[in-house]
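J.: Okay, so here is final-v4.pdb, and as you'll see once you scroll down, it has PDB, C-alpha atoms and all ligand atoms.
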```pdb
ATOM      1  CA  MET A   1      49.031  25.766 120.046  1.00  0.00           C
ATOM      2  CA  GLU A   2      50.852  23.347 122.318  1.00  0.00           C
ATOM      3  CA  VAL A   3      54.099  23.341 120.308  1.00  0.00           C
ATOM      4  CA  ILE A   4      54.375  27.101 120.430  1.00  0.00           C
ATOM      5  CA  GLU A   5      53.648  27.311 124.138  1.00  0.00           C
ATOM      6  CA  ALA A   6      56.266  24.655 124.855  1.00  0.00           C
ATOM      7  CA  ILE A   7      58.870  26.583 122.843  1.00  0.00           C
ATOM      8  CA  ARG A   8      57.985  29.952 124.382  1.00  0.00           C
ATOM      9  CA  ASN A   9      58.082  28.502 127.892  1.00  0.00           C
ATOM     10  CA  HIS A  10      61.443  26.816 127.439  1.00  0.00           C
ATOM     11  CA  PRO A  11      63.910  28.600 129.794  1.00  0.00           C
ATOM     12  CA  LEU A  12      66.464  29.216 127.030  1.00  0.00           C
ATOM     13  CA  TYR A  13      63.837  30.743 124.735  1.00  0.00           C
ATOM     14  CA  ALA A  14      62.409  32.861 127.552  1.00  0.00           C
ATOM     15  CA  GLU A  15      65.873  34.082 128.557  1.00  0.00           C
ATOM     16  CA  GLN A  16      67.030  34.909 125.036  1.00  0.00           C
ATOM     17  CA  TYR A  17      63.719  36.549 124.158  1.00  0.00           C
ATOM     18  CA  GLU A  18      63.775  38.760 127.256  1.00  0.00           C
ATOM     19  CA  LYS A  19      67.341  39.901 126.510  1.00  0.00           C
ATOM     20  CA  LEU A  20      66.451  40.588 122.893  1.00  0.00           C
ATOM     21  CA  LYS A  21      63.306  42.464 123.855  1.00  0.00           C
ATOM     22  CA  GLN A  22      65.241  44.716 126.198  1.00  0.00           C
ATOM     23  CA  ALA A  23      68.108  45.250 123.751  1.00  0.00           C
ATOM     24  CA  GLU A  24      65.696  46.364 121.034  1.00  0.00           C
ATOM     25  CA  GLU A  25      63.562  48.658 123.149  1.00  0.00           C
ATOM     26  CA  GLY A  26      63.848  52.120 121.595  1.00  0.00           C
ATOM     27  CA  ARG A  27      65.660  50.913 118.454  1.00  0.00           C
ATOM     28  CA  LYS A  28      64.721  53.101 115.483  1.00  0.00           C
ATOM     29  CA  PHE A  29      65.069  50.283 112.964  1.00  0.00           C
ATOM     30  CA  CYS A  30      62.910  47.155 112.716  1.00  0.00           C
ATOM     31  CA  ARG A  31      62.583  45.414 116.026  1.00  0.00           C
ATOM     32  CA  HIS A  32      62.616  41.671 116.513  1.00  0.00           C
ATOM     33  CA  GLN A  33      60.098  41.348 119.274  1.00  0.00           C
ATOM     34  CA  MET A  34      56.950  39.227 119.485  1.00  0.00           C
ATOM     35  CA  GLU A  35      55.042  41.473 117.089  1.00  0.00           C
ATOM     36  CA  HIS A  36      57.595  40.771 114.358  1.00  0.00           C
ATOM     37  CA  LEU A  37      57.786  37.045 115.097  1.00  0.00           C
ATOM     38  CA  LEU A  38      53.999  36.719 114.964  1.00  0.00           C
ATOM     39  CA  ASP A  39      53.710  38.911 111.854  1.00  0.00           C
ATOM     40  CA  VAL A  40      56.092  36.522 110.103  1.00  0.00           C
ATOM     41  CA  ALA A  41      54.129  33.482 111.336  1.00  0.00           C
ATOM     42  CA  ARG A  42      50.788  34.901 110.195  1.00  0.00           C
ATOM     43  CA  ILE A  43      52.035  36.077 106.798  1.00  0.00           C
ATOM     44  CA  ALA A  44      53.671  32.689 106.242  1.00  0.00           C
ATOM     45  CA  TYR A  45      50.526  30.832 107.262  1.00  0.00           C
ATOM     46  CA  ILE A  46      48.306  32.927 104.982  1.00  0.00           C
ATOM     47  CA  THR A  47      50.720  32.340 102.078  1.00  0.00           C
ATOM     48  CA  ASN A  48      50.783  28.635 102.914  1.00  0.00           C
ATOM     49  CA  LEU A  49      46.980  28.531 102.608  1.00  0.00           C
ATOM     50  CA  GLU A  50      46.836  30.712  99.487  1.00  0.00           C
ATOM     51  CA  GLN A  51      49.480  28.692  97.677  1.00  0.00           C
ATOM     52  CA  GLY A  52      48.366  25.298  98.960  1.00  0.00           C
ATOM     53  CA  LEU A  53      51.835  24.521 100.328  1.00  0.00           C
ATOM     54  CA  GLN A  54      50.348  22.167 102.924  1.00  0.00           C
ATOM     55  CA  ILE A  55      52.844  22.922 105.651  1.00  0.00           C
ATOM     56  CA  ARG A  56      51.478  22.296 109.139  1.00  0.00           C
ATOM     57  CA  LYS A  57      50.611  25.397 111.139  1.00  0.00           C
ATOM     58  CA  GLU A  58      52.800  24.211 114.041  1.00  0.00           C
ATOM     59  CA  VAL A  59      55.820  23.984 111.735  1.00  0.00           C
ATOM     60  CA  ILE A  60      55.295  27.504 110.365  1.00  0.00           C
ATOM     61  CA  TYR A  61      54.753  29.068 113.789  1.00  0.00           C
ATOM     62  CA  ALA A  62      57.714  27.235 115.327  1.00  0.00           C
ATOM     63  CA  ALA A  63      60.009  28.401 112.497  1.00  0.00           C
ATOM     64  CA  ALA A  64      58.755  31.995 112.772  1.00  0.00           C
ATOM     65  CA  LEU A  65      59.018  32.167 116.552  1.00  0.00           C
ATOM     66  CA  LEU A  66      62.554  30.792 116.490  1.00  0.00           C
ATOM     67  CA  HIS A  67      64.012  32.476 113.405  1.00  0.00           C
ATOM     68  CA  ASP A  68      65.360  35.606 115.147  1.00  0.00           C
ATOM     69  CA  ILE A  69      65.707  34.308 118.705  1.00  0.00           C
ATOM     70  CA  GLY A  70      69.511  34.428 118.452  1.00  0.00           C
ATOM     71  CA  LYS A  71      69.605  38.114 117.552  1.00  0.00           C
ATOM     72  CA  TYR A  72      70.807  39.122 121.022  1.00  0.00           C
ATOM     73  CA  ARG A  73      73.880  36.935 120.520  1.00  0.00           C
ATOM     74  CA  GLN A  74      74.554  38.710 117.254  1.00  0.00           C
ATOM     75  CA  TYR A  75      74.548  42.033 119.115  1.00  0.00           C
ATOM     76  CA  THR A  76      76.687  40.855 122.006  1.00  0.00           C
ATOM     77  CA  GLU A  77      78.907  38.119 120.555  1.00  0.00           C
ATOM     78  CA  GLY A  78      78.906  38.892 116.855  1.00  0.00           C
ATOM     79  CA  ILE A  79      77.465  35.482 115.927  1.00  0.00           C
ATOM     80  CA  PRO A  80      75.294  35.786 112.790  1.00  0.00           C
ATOM     81  CA  HIS A  81      71.779  35.542 114.149  1.00  0.00           C
ATOM     82  CA  GLU A  82      70.611  32.809 111.783  1.00  0.00           C
ATOM     83  CA  LYS A  83      73.352  30.570 113.210  1.00  0.00           C
ATOM     84  CA  ALA A  84      72.706  31.577 116.819  1.00  0.00           C
ATOM     85  CA  SER A  85      68.946  31.088 116.337  1.00  0.00           C
ATOM     86  CA  ALA A  86      69.365  27.654 114.751  1.00  0.00           C
ATOM     87  CA  ARG A  87      71.632  26.575 117.599  1.00  0.00           C
ATOM     88  CA  ILE A  88      69.109  27.738 120.211  1.00  0.00           C
ATOM     89  CA  ALA A  89      66.317  25.954 118.303  1.00  0.00           C
ATOM     90  CA  GLU A  90      68.383  22.773 118.182  1.00  0.00           C
ATOM     91  CA  VAL A  91      68.931  22.833 121.960  1.00  0.00           C
ATOM     92  CA  ILE A  92      65.221  23.433 122.566  1.00  0.00           C
ATOM     93  CA  PHE A  93      64.254  20.560 120.237  1.00  0.00           C
ATOM     94  CA  GLN A  94      66.687  18.240 122.037  1.00  0.00           C
ATOM     95  CA  ASP A  95      65.259  19.285 125.390  1.00  0.00           C
ATOM     96  CA  LEU A  96      61.671  18.727 124.294  1.00  0.00           C
ATOM     97  CA  PRO A  97      61.594  15.248 122.742  1.00  0.00           C
ATOM     98  CA  ASP A  98      57.809  15.045 123.106  1.00  0.00           C
ATOM     99  CA  LEU A  99      57.207  18.151 121.031  1.00  0.00           C
ATOM    100  CA  SER A 100      54.734  17.195 118.334  1.00  0.00           C
ATOM    101  CA  LEU A 101      57.089  17.844 115.456  1.00  0.00           C
ATOM    102  CA  SER A 102      58.600  14.998 113.447  1.00  0.00           C
ATOM    103  CA  ALA A 103      62.375  14.653 113.014  1.00  0.00           C
ATOM    104  CA  ASP A 104      61.934  15.775 109.409  1.00  0.00           C
ATOM    105  CA  GLU A 105      59.916  18.822 110.435  1.00  0.00           C
ATOM    106  CA  LYS A 106      62.542  19.787 113.009  1.00  0.00           C
ATOM    107  CA  SER A 107      65.351  19.550 110.486  1.00  0.00           C
ATOM    108  CA  ARG A 108      63.340  21.588 107.948  1.00  0.00           C
ATOM    109  CA  ILE A 109      62.758  24.254 110.604  1.00  0.00           C
ATOM    110  CA  LEU A 110      66.483  24.397 111.395  1.00  0.00           C
ATOM    111  CA  ARG A 111      67.298  24.659 107.694  1.00  0.00           C
ATOM    112  CA  ALA A 112      64.708  27.423 107.247  1.00  0.00           C
ATOM    113  CA  ILE A 113      66.143  29.406 110.169  1.00  0.00           C
ATOM    114  CA  LEU A 114      69.684  29.049 108.821  1.00  0.00           C
ATOM    115  CA  GLY A 115      68.625  30.099 105.320  1.00  0.00           C
ATOM    116  CA  HIS A 116      66.140  32.851 106.104  1.00  0.00           C
ATOM    117  CA  ARG A 117      68.429  35.821 105.460  1.00  0.00           C
ATOM    118  CA  ARG A 118      69.424  35.245 101.857  1.00  0.00           C
ATOM    119  CA  MET A 119      67.490  34.173  98.773  1.00  0.00           C
ATOM    120  CA  ARG A 120      69.038  31.170  97.023  1.00  0.00           C
ATOM    121  CA  ASP A 121      68.007  29.009  94.092  1.00  0.00           C
ATOM    122  CA  ASP A 122      68.097  25.760  96.057  1.00  0.00           C
ATOM    123  CA  MET A 123      65.837  26.804  98.907  1.00  0.00           C
ATOM    124  CA  ASP A 124      63.436  24.350 100.504  1.00  0.00           C
ATOM    125  CA  VAL A 125      59.752  25.431 100.451  1.00  0.00           C
ATOM    126  CA  LEU A 126      59.713  26.311 104.159  1.00  0.00           C
ATOM    127  CA  GLU A 127      63.024  28.151 103.873  1.00  0.00           C
ATOM    128  CA  LYS A 128      61.691  30.281 101.012  1.00  0.00           C
ATOM    129  CA  LEU A 129      58.415  30.892 102.823  1.00  0.00           C
ATOM    130  CA  LEU A 130      60.245  32.131 105.931  1.00  0.00           C
ATOM    131  CA  TYR A 131      62.543  34.373 103.872  1.00  0.00           C
ATOM    132  CA  ALA A 132      59.637  35.904 101.945  1.00  0.00           C
ATOM    133  CA  SER A 133      57.405  36.350 104.994  1.00  0.00           C
ATOM    134  CA  ASP A 134      60.232  37.980 106.958  1.00  0.00           C
ATOM    135  CA  LYS A 135      60.685  40.467 104.142  1.00  0.00           C
ATOM    136  CA  GLN A 136      56.957  41.095 103.733  1.00  0.00           C
ATOM    137  CA  SER A 137      56.594  41.780 107.439  1.00  0.00           C
ATOM    138  CA  ARG A 138      58.797  44.876 107.090  1.00  0.00           C
ATOM    139  CA  LYS A 139      57.083  48.217 106.720  1.00  0.00           C
ATOM    140  CA  CYS A 140      59.895  50.039 104.905  1.00  0.00           C
ATOM    141  CA  PHE A 141      57.286  52.018 102.954  1.00  0.00           C
ATOM    142  CA  ASP A 142      56.193  53.614 106.241  1.00  0.00           C
ATOM    143  CA  CYS A 143      59.485  53.724 108.151  1.00  0.00           C
ATOM    144  CA  LYS A 144      61.075  57.009 109.235  1.00  0.00           C
ATOM    145  CA  ALA A 145      64.487  55.334 109.550  1.00  0.00           C
ATOM    146  CA  GLU A 146      64.426  53.790 106.061  1.00  0.00           C
ATOM    147  CA  LYS A 147      67.047  56.204 104.674  1.00  0.00           C
ATOM    148  CA  ASP A 148      69.477  55.302 107.492  1.00  0.00           C
ATOM    149  CA  CYS A 149      68.868  51.566 107.204  1.00  0.00           C
ATOM    150  CA  ASN A 150      71.766  49.709 105.607  1.00  0.00           C
ATOM    151  CA  TRP A 151      69.669  46.814 104.343  1.00  0.00           C
ATOM    152  CA  ASP A 152      70.106  45.984 100.700  1.00  0.00           C
ATOM    153  CA  HIS A 153      67.469  47.995  98.788  1.00  0.00           C
ATOM    154  CA  ARG A 154      66.185  44.788  97.149  1.00  0.00           C
ATOM    155  CA  LYS A 155      65.406  43.309 100.553  1.00  0.00           C
ATOM    156  CA  LYS A 156      63.299  46.252 101.673  1.00  0.00           C
ATOM    157  CA  ASN A 157      59.544  46.120 101.414  1.00  0.00           C
ATOM    158  CA  PHE A 158      58.018  49.135  99.675  1.00  0.00           C
ATOM    159  CA  MET A 159      54.785  47.443  98.709  1.00  0.00           C
ATOM    160  CA  PRO A 160      52.121  46.988 101.358  1.00  0.00           C
ATOM    161  CA  GLU A 161      50.271  43.724 100.793  1.00  0.00           C
ATOM    162  CA  ILE A 162      46.921  44.000  99.054  1.00  0.00           C
TER     163      ILE A 162
HETATM  164 FE    FE B   1      62.875  38.256 111.098  1.00  0.00          FE
END
```
Represent the structure contained in this file as structure tokens.

T.:
Amino acid sequence: MEVIEAIRNHPLYAEQYEKLKQAEEGRKFCRHQMEHLLDVARIAYITNLEQGLQIRKEVIYAAALLHDIGKYRQYTEGIPHEKASARIAEVIFQDLPDLSLSADEKSRILRAILGHRRMRDDMDVLEKLLYASDKQSRKCFDCKAEKDCNWDHRKKNFMPEI
């Protein structure tokens, strides 16, 4: 997918991803490396097909690949990662004007990234899809560190998908 390659190859994405990858190496809790980002993208895309949401694959994958990219800044600068990730995504979108995403799709992606950590009543469809897929990607039911994890119990995933 051209959109995804362009995002992954952007120097800011590559730099932030590499830092994040290194920072999370050996972490006992959920990691936010490519496996997680792609799990979220695939779960979201399957749900999109199952529920007939009609969101373009490029939009789902771009949102998933970008949603945690600011996590390193949360670790080092204390910036909530949804805000850091949205800011990085915004810079990348500005730098890549030929990216085949419409202005509306870009703003929905930014909104989804910003809203992906908390369930709200007024969520946009993409925002809700990203939140739910992020949660479903967690394997709390099979995690040795689950007891030490300070995530809200309601956010943990104890039900493997059928
Ligand atoms: Fe995530």

J.: Out of A:Lys19, A:Val3, A:Leu114, A:Tyr61, which residue has the shortest atom-to-atom distance to A:Asn48 when counting only C-alpha atoms?

T.: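 The closest residue to A:Asn48 is A:Tyr61.
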
J.: Evaluate the PyMOL selection byres (((chain A and resi 101) around 8) and not hetatm) here and jot the selected residues down as a PyMOL selection string.

T.: chain A and resi 3+58-59+99-100+102-103+105-106

J.: Every residue with an atom at most 7 Å from (57.6, 48.6, 100.7) (file coordinates; only C-alpha atoms) is what I'm after, so could you write them as a list of chain:residue names?

T.: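 Here is the list of nearby residues: A:Lys139, A:Cys140, A:Phe141, A:Lys156, A:Asn157, A:Phe158, A:Met159, A:Pro160.
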
J.: Could you turn the residues from that selection into a file that holds C-alpha atoms, as a PDB file, keeping the file's coordinate frame?

T.:
```pdb
ATOM      1  CA  LYS A 139      57.083  48.217 106.720  1.00  0.00           C
ATOM      2  CA  CYS A 140      59.895  50.039 104.905  1.00  0.00           C
ATOM      3  CA  PHE A 141      57.286  52.018 102.954  1.00  0.00           C
ATOM      4  CA  LYS A 156      63.299  46.252 101.673  1.00  0.00           C
ATOM      5  CA  ASN A 157      59.544  46.120 101.414  1.00  0.00           C
ATOM      6  CA  PHE A 158      58.018  49.135  99.675  1.00  0.00           C
ATOM      7  CA  MET A 159      54.785  47.443  98.709  1.00  0.00           C
ATOM      8  CA  PRO A 160      52.121  46.988 101.358  1.00  0.00           C
TER       9      PRO A 160
END
```

J.: Please enumerate the residues selected by the PyMOL selection byres (((chain A and resi 110) around 9) and not hetatm) when evaluated against the supplied file, formatted as a list in words.

T.: Ala63, His67, Ser85, Ala86, Arg87, Ala89, Glu90, Glu105, Lys106, Ser107, Arg108, Ile109, Arg111, Ala112, Ile113, Leu114 and Gly115 of chain A

J.: If you keep C-alpha atoms, can you produce a file of those selected residues as a PDB file, keeping the file's coordinate frame?

T.:
```
ATOM      1  CA  ALA A  63      60.009  28.401 112.497  1.00  0.00           C
ATOM      2  CA  HIS A  67      64.012  32.476 113.405  1.00  0.00           C
ATOM      3  CA  SER A  85      68.946  31.088 116.337  1.00  0.00           C
ATOM      4  CA  ALA A  86      69.365  27.654 114.751  1.00  0.00           C
ATOM      5  CA  ARG A  87      71.632  26.575 117.599  1.00  0.00           C
ATOM      6  CA  ALA A  89      66.317  25.954 118.303  1.00  0.00           C
ATOM      7  CA  GLU A  90      68.383  22.773 118.182  1.00  0.00           C
ATOM      8  CA  GLU A 105      59.916  18.822 110.435  1.00  0.00           C
ATOM      9  CA  LYS A 106      62.542  19.787 113.009  1.00  0.00           C
ATOM     10  CA  SER A 107      65.351  19.550 110.486  1.00  0.00           C
ATOM     11  CA  ARG A 108      63.340  21.588 107.948  1.00  0.00           C
ATOM     12  CA  ILE A 109      62.758  24.254 110.604  1.00  0.00           C
ATOM     13  CA  ARG A 111      67.298  24.659 107.694  1.00  0.00           C
ATOM     14  CA  ALA A 112      64.708  27.423 107.247  1.00  0.00           C
ATOM     15  CA  ILE A 113      66.143  29.406 110.169  1.00  0.00           C
ATOM     16  CA  LEU A 114      69.684  29.049 108.821  1.00  0.00           C
ATOM     17  CA  GLY A 115      68.625  30.099 105.320  1.00  0.00           C
TER      18      GLY A 115
END
```

J.: Hey, can you check how far atom CA of A:Lys71 sits from atom CA of A:Pro97?

T.: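 Pair atom CA of A:Lys71 / atom CA of A:Pro97 returns 24.8 Å.
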
J.: What is the atom CA of A:Tyr13-atom CA of A:Met34 distance in Å, reported with one decimal?

T.: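 That distance, rounded to one decimal, is 12.1 Å.
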
J.: All residues within 12 Å of ligand FE 1 (chain B) are required, counting all atoms listed in the file; please report them as a compact mmCIF listing (two decimals) with C-alpha atoms, in the frame of the given file.

T.:
```txt
# COMPACT_ATOMS: atom_id res chain seq x y z
CA CYS A 30 62.91 47.16 112.72
CA ARG A 31 62.58 45.41 116.03
CA HIS A 32 62.62 41.67 116.51
CA GLN A 33 60.10 41.35 119.27
CA MET A 34 56.95 39.23 119.48
CA GLU A 35 55.04 41.47 117.09
CA HIS A 36 57.60 40.77 114.36
CA LEU A 37 57.79 37.04 115.10
CA LEU A 38 54.00 36.72 114.96
CA ASP A 39 53.71 38.91 111.85
CA VAL A 40 56.09 36.52 110.10
CA ALA A 41 54.13 33.48 111.34
CA ILE A 43 52.04 36.08 106.80
CA ALA A 44 53.67 32.69 106.24
CA ALA A 63 60.01 28.40 112.50
CA ALA A 64 58.76 32.00 112.77
CA LEU A 65 59.02 32.17 116.55
CA LEU A 66 62.55 30.79 116.49
CA HIS A 67 64.01 32.48 113.40
CA ASP A 68 65.36 35.61 115.15
CA ILE A 69 65.71 34.31 118.70
CA GLY A 70 69.51 34.43 118.45
CA LYS A 71 69.60 38.11 117.55
CA HIS A 81 71.78 35.54 114.15
CA GLU A 82 70.61 32.81 111.78
CA SER A 85 68.95 31.09 116.34
CA ALA A 112 64.71 27.42 107.25
CA ILE A 113 66.14 29.41 110.17
CA LEU A 114 69.68 29.05 108.82
CA GLY A 115 68.62 30.10 105.32
CA HIS A 116 66.14 32.85 106.10
CA ARG A 117 68.43 35.82 105.46
CA ARG A 118 69.42 35.24 101.86
CA LEU A 129 58.42 30.89 102.82
CA LEU A 130 60.24 32.13 105.93
CA TYR A 131 62.54 34.37 103.87
CA ALA A 132 59.64 35.90 101.94
CA SER A 133 57.40 36.35 104.99
CA ASP A 134 60.23 37.98 106.96
CA LYS A 135 60.68 40.47 104.14
CA GLN A 136 56.96 41.10 103.73
CA SER A 137 56.59 41.78 107.44
CA ARG A 138 58.80 44.88 107.09
CA LYS A 155 65.41 43.31 100.55
```

J.: With all atoms listed in the file as the atoms that count, which of A:Asn150, A:Gln22, A:Gln54, A:Gln94 lies nearest to A:Tyr72?

T.: A:Gln22

J.: Return the single residue from A:Ala62, A:Cys149, A:Val125, A:Lys83 that is closest to A:Arg42, with distances computed using all atoms listed in the file.

T.: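 So, comparing all the options, the nearest one is A:Ala62.
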
J.: One decimal, in Å: what's the spacing between atom CA of A:Thr47 and atom CA of A:Glu18?

T.: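 Value for the atom CA of A:Thr47-atom CA of A:Glu18 distance: 29.1 Å.
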
J.: Which is closest to A:Leu12 among A:Asp95, A:Glu25, A:Asp124, A:Asp152, if we use all atoms listed in the file?

T.: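 Of A:Asp95, A:Glu25, A:Asp124, A:Asp152, the one nearest A:Leu12 is A:Asp95, counting all atoms listed in the file.
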
J.: Nearest residue to A:Asp98 out of A:Ile46, A:Ala23, A:Ala14, A:Ile7, using all atoms listed in the file?

T.: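 Closest residue, counting all atoms listed in the file: A:Ile7.
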
J.: I need the residue nearest A:Lys57 from this list: A:Gly26, A:Arg120, A:Tyr45, A:Glu2. Use all atoms listed in the file for the distance.

T.: A:Tyr45
